[in-house]
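S.K.: Have a peek at work39.cif (mmCIF, C-alpha atoms).
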```
data_structure
loop_
_atom_site.label_atom_id
_atom_site.label_comp_id
_atom_site.auth_asym_id
_atom_site.auth_seq_id
_atom_site.Cartn_x
_atom_site.Cartn_y
_atom_site.Cartn_z
CA MET A 1 0.00 0.00 0.00
CA ASP A 2 1.29 3.45 -0.88
CA ASP A 3 2.26 5.79 1.93
CA PHE A 4 0.93 9.28 1.17
CA GLY A 5 2.22 11.92 3.54
CA ILE A 6 0.03 14.97 4.08
CA SER A 7 1.45 18.24 5.36
CA PRO A 8 -0.59 21.06 6.89
CA VAL A 9 -0.91 24.16 4.74
CA ALA A 10 -1.71 27.64 6.00
CA THR A 11 -2.30 29.29 2.63
CA PRO A 12 -5.38 28.35 0.58
CA GLY A 13 -4.36 27.40 -2.94
CA ALA A 14 -0.97 26.14 -1.88
CA VAL A 15 -0.12 22.53 -2.64
CA ALA A 16 -1.14 20.43 0.36
CA LEU A 17 0.15 17.15 -1.02
CA VAL A 18 2.45 16.18 -3.85
CA ARG A 19 3.35 12.54 -3.92
CA ASP A 20 4.07 10.05 -6.67
CA GLY A 21 1.99 11.72 -9.35
CA CYS A 22 -0.78 13.40 -7.36
CA SER A 23 -1.16 16.98 -6.16
CA ILE A 24 -3.99 18.31 -4.03
CA ARG A 25 -4.77 22.02 -3.65
CA VAL A 26 -7.32 23.91 -1.57
CA THR A 27 -9.50 26.20 -3.73
CA GLN A 28 -8.82 29.89 -3.12
CA ASP A 29 -11.51 32.47 -2.38
CA LEU A 30 -14.37 29.99 -2.22
CA SER A 31 -17.75 31.34 -1.17
CA LEU A 32 -20.47 28.80 -0.51
CA VAL A 33 -24.11 29.14 0.50
CA SER A 34 -26.74 26.50 1.09
CA LEU A 35 -30.11 26.95 -0.56
CA ALA A 36 -33.24 25.15 0.60
CA ALA A 37 -36.63 25.35 -1.06
CA ARG A 38 -39.56 26.42 1.10
CA ARG A 39 -42.41 23.95 1.43
CA GLN A 40 -44.61 25.59 -1.14
CA PRO A 41 -46.09 24.32 -4.38
CA ASP A 42 -43.69 25.09 -7.25
CA ALA A 43 -40.96 26.47 -4.93
CA VAL A 44 -38.21 24.45 -6.66
CA LYS A 45 -39.33 25.65 -10.08
CA ALA A 46 -39.42 29.25 -8.83
CA LEU A 47 -35.90 28.92 -7.38
CA GLY A 48 -34.57 27.66 -10.69
CA GLU A 49 -36.22 30.49 -12.60
CA ALA A 50 -34.81 33.04 -10.13
CA LEU A 51 -31.29 31.63 -10.52
CA GLY A 52 -31.40 31.42 -14.31
CA GLY A 53 -32.37 27.84 -15.18
CA GLU A 54 -33.37 24.42 -13.93
CA LEU A 55 -31.78 23.38 -10.63
CA PRO A 56 -29.69 20.19 -10.80
CA ASP A 57 -31.11 16.85 -9.71
CA VAL A 58 -29.61 14.08 -7.53
CA GLY A 59 -25.82 13.87 -7.83
CA LYS A 60 -25.61 16.62 -10.46
CA SER A 61 -24.27 20.16 -10.74
CA ALA A 62 -25.10 23.00 -13.11
CA THR A 63 -23.67 26.43 -13.82
CA LEU A 64 -26.40 29.08 -13.82
CA ASP A 65 -25.46 32.71 -14.46
CA GLY A 66 -21.85 32.09 -13.40
CA ARG A 67 -22.67 30.25 -10.16
CA LEU A 68 -21.98 26.54 -9.74
CA ILE A 69 -25.01 24.92 -8.12
CA SER A 70 -24.77 21.36 -6.76
CA TRP A 71 -27.52 19.13 -5.45
CA VAL A 72 -26.87 18.10 -1.82
CA GLY A 73 -30.21 16.72 -0.65
CA HIS A 74 -33.96 16.73 -1.22
CA ASN A 75 -34.80 20.32 -2.26
CA GLN A 76 -31.33 21.48 -1.13
CA TRP A 77 -28.33 22.78 -3.07
CA PHE A 78 -24.95 24.42 -2.55
CA VAL A 79 -24.31 27.58 -4.55
CA ARG A 80 -20.60 28.16 -5.12
CA SER A 81 -18.66 31.19 -6.29
CA THR A 82 -15.02 32.21 -6.39
CA GLY A 83 -15.79 35.71 -7.70
CA LEU A 84 -17.82 37.02 -4.76
CA GLY A 85 -17.17 37.19 -1.03
CA PRO A 86 -19.35 35.14 1.34
CA ILE A 87 -21.60 38.05 2.34
CA GLU A 88 -22.00 39.22 -1.25
CA LEU A 89 -22.90 35.74 -2.49
CA ALA A 90 -25.40 35.09 0.33
CA THR A 91 -27.01 38.50 -0.19
CA GLN A 92 -27.19 38.08 -3.96
CA VAL A 93 -28.75 34.62 -3.79
CA ALA A 94 -31.19 35.65 -1.04
CA GLU A 95 -32.35 38.64 -3.09
CA LEU A 96 -32.78 36.46 -6.19
CA VAL A 97 -34.76 33.66 -4.54
CA GLY A 98 -36.86 35.91 -2.30
CA GLU A 99 -39.71 34.10 -0.54
CA HIS A 100 -39.12 30.80 -2.37
CA GLY A 101 -36.04 29.64 -0.44
CA TYR A 102 -33.77 29.83 2.59
CA VAL A 103 -30.12 30.88 2.17
CA THR A 104 -27.32 30.23 4.68
CA ASP A 105 -23.62 31.09 4.32
CA GLN A 106 -21.48 27.94 4.53
CA SER A 107 -18.13 29.44 3.44
CA HIS A 108 -16.28 28.90 6.70
CA GLY A 109 -17.59 25.39 7.31
CA TRP A 110 -16.40 23.71 4.10
CA ILE A 111 -13.35 23.57 1.86
CA GLU A 112 -12.99 22.48 -1.73
CA ILE A 113 -9.98 20.59 -2.98
CA GLU A 114 -8.64 20.03 -6.48
CA ALA A 115 -6.79 16.77 -7.06
CA SER A 116 -4.81 16.13 -10.23
CA GLY A 117 -2.21 13.81 -11.66
CA PRO A 118 -1.96 10.16 -12.71
CA ALA A 119 -2.10 8.82 -9.12
CA THR A 120 -5.19 10.83 -8.12
CA ARG A 121 -7.52 7.82 -8.13
CA SER A 122 -5.15 5.90 -5.86
CA VAL A 123 -5.09 8.78 -3.35
CA LEU A 124 -8.86 9.28 -3.44
CA GLU A 125 -9.47 5.55 -2.90
CA ARG A 126 -7.77 5.95 0.47
CA LEU A 127 -9.84 9.01 1.40
CA CYS A 128 -13.36 8.04 0.28
CA THR A 129 -15.48 5.43 -1.45
CA LEU A 130 -15.28 5.73 -5.23
#
```
Kindly transcribe the structure held in the file into structure tokens.
M.R.:
Amino acid sequence: MDDFGISPVATPGAVALVRDGCSIRVTQDLSLVSLAARRQPDAVKALGEALGGELPDVGKSATLDGRLISWVGHNQWFVRSTGLGPIELATQVAELVGEHGYVTDQSHGWIEIEASGPATRSVLERLCTL
């Protein structure tokens, strides 16, 4: 079994791990909000229209008006941006969805990593179920 050493990194975007063909980086300037549909008829449809298209279904993501939106649960999504700060993203999404949804900033509770290189699958197999 491969021995992958992981070193702590203080700077987002810096390489956290480089080992035998795999590098992992933390995404810089990530803003993330959760979006939940209210329990109203047609709330999901109204949210999609407000955000610029149809919201993604189970296990899918979609880019709507420059925001990456990922399904995370029944009538729940993450809205991701690297171009806006956390407050700006939460405010923008809340204004767009109005009474059809609930918006909560998640930026400081999650990180996003980028893994690349020929050994990426081997590293990820040790971290999670593929």
S.K.: Can you measure atom CA of A:Gly21 to atom CA of A:Ala115 for me? One decimal in Å is fine.
M.R.: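 Pair atom CA of A:Gly21 / atom CA of A:Ala115 returns 10.4 Å.
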S.K.: When you count all atoms listed in the file, which of these residues is closest to A:Ala90: A:Leu124, A:Leu32, A:Ile24, A:Val18?
M.R.: A:Leu32
S.K.: Pick the closest to A:Glu88 from A:Ser23, A:Thr120, A:Gln40, A:Ser107: which is it, counting only C-alpha atoms?
M.R.: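 Counting only C-alpha atoms, the residue closest to A:Glu88 is A:Ser107.
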S.K.: Take the PyMOL selection byres ((chain A and resi 119) around 7), apply it to the structure above, and return the hits as a PyMOL selection string.
M.R.: chain A and resi 20-22+117-118+120-123
S.K.: Considering only C-alpha atoms, return as a PyMOL selection string whatever protein or nucleic-acid residues lie within 7 Å of A:Ala50, sequence-local ones (same chain, fewer than 4 positions apart) excluded.
M.R.: chain A and resi 46+96-97
S.K.: Near A:Ser34, within 12 Å and counting only C-alpha atoms, which residues show up once chain neighbours fewer than 3 positions away are dropped, as a ChimeraX atom specification?
M.R.: /A:31,37,68-73,75-81,86,89-90,93-94,101-107,109-110
S.K.: Edge lengths and centre in Å to one decimal, as JSON, of the axis-aligned box that encloses all listed atoms of stretch 15-28 of chain A with 3 Å added on every side?
M.R.:
```
{"center_x": -2.7, "center_y": 20.0, "center_z": -4.5, "size_x": 19.6, "size_y": 25.8, "size_z": 15.7}
```
S.K.: Could you jot down the atom CA of A:Thr82 to atom CA of A:Leu51 separation for me, Å, one decimal place?
M.R.: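 So the two atoms, atom CA of A:Thr82 and atom CA of A:Leu51, lie 16.8 Å apart.
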S.K.: Mind checking which residues fall within 9 Å of A:His74, counting all atoms listed in the file, ignoring those fewer than 6 positions away in the same chain, and posting them as a list in words?
M.R.: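 So, after excluding close chain neighbours, the residues are Ala36, Asp57 and Val58 of chain A.
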S.K.: Quick one, how far is atom CA of A:Glu112 from atom CA of A:Gly98?
M.R.: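 Rounded to one decimal, the two atoms are 27.4 Å apart.
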S.K.: Return the single residue from A:Val33, A:Leu17, A:Asp42, A:Gln28 that is closest to A:Glu99, with distances computed using only C-alpha atoms.
M.R.: A:Asp42
S.K.: So, counting only C-alpha atoms, which residue among A:Arg19, A:Ser61, A:Arg67, A:His100 is closest to A:Glu49?
M.R.: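 For A:Glu49, the nearest of the candidates is A:His100.
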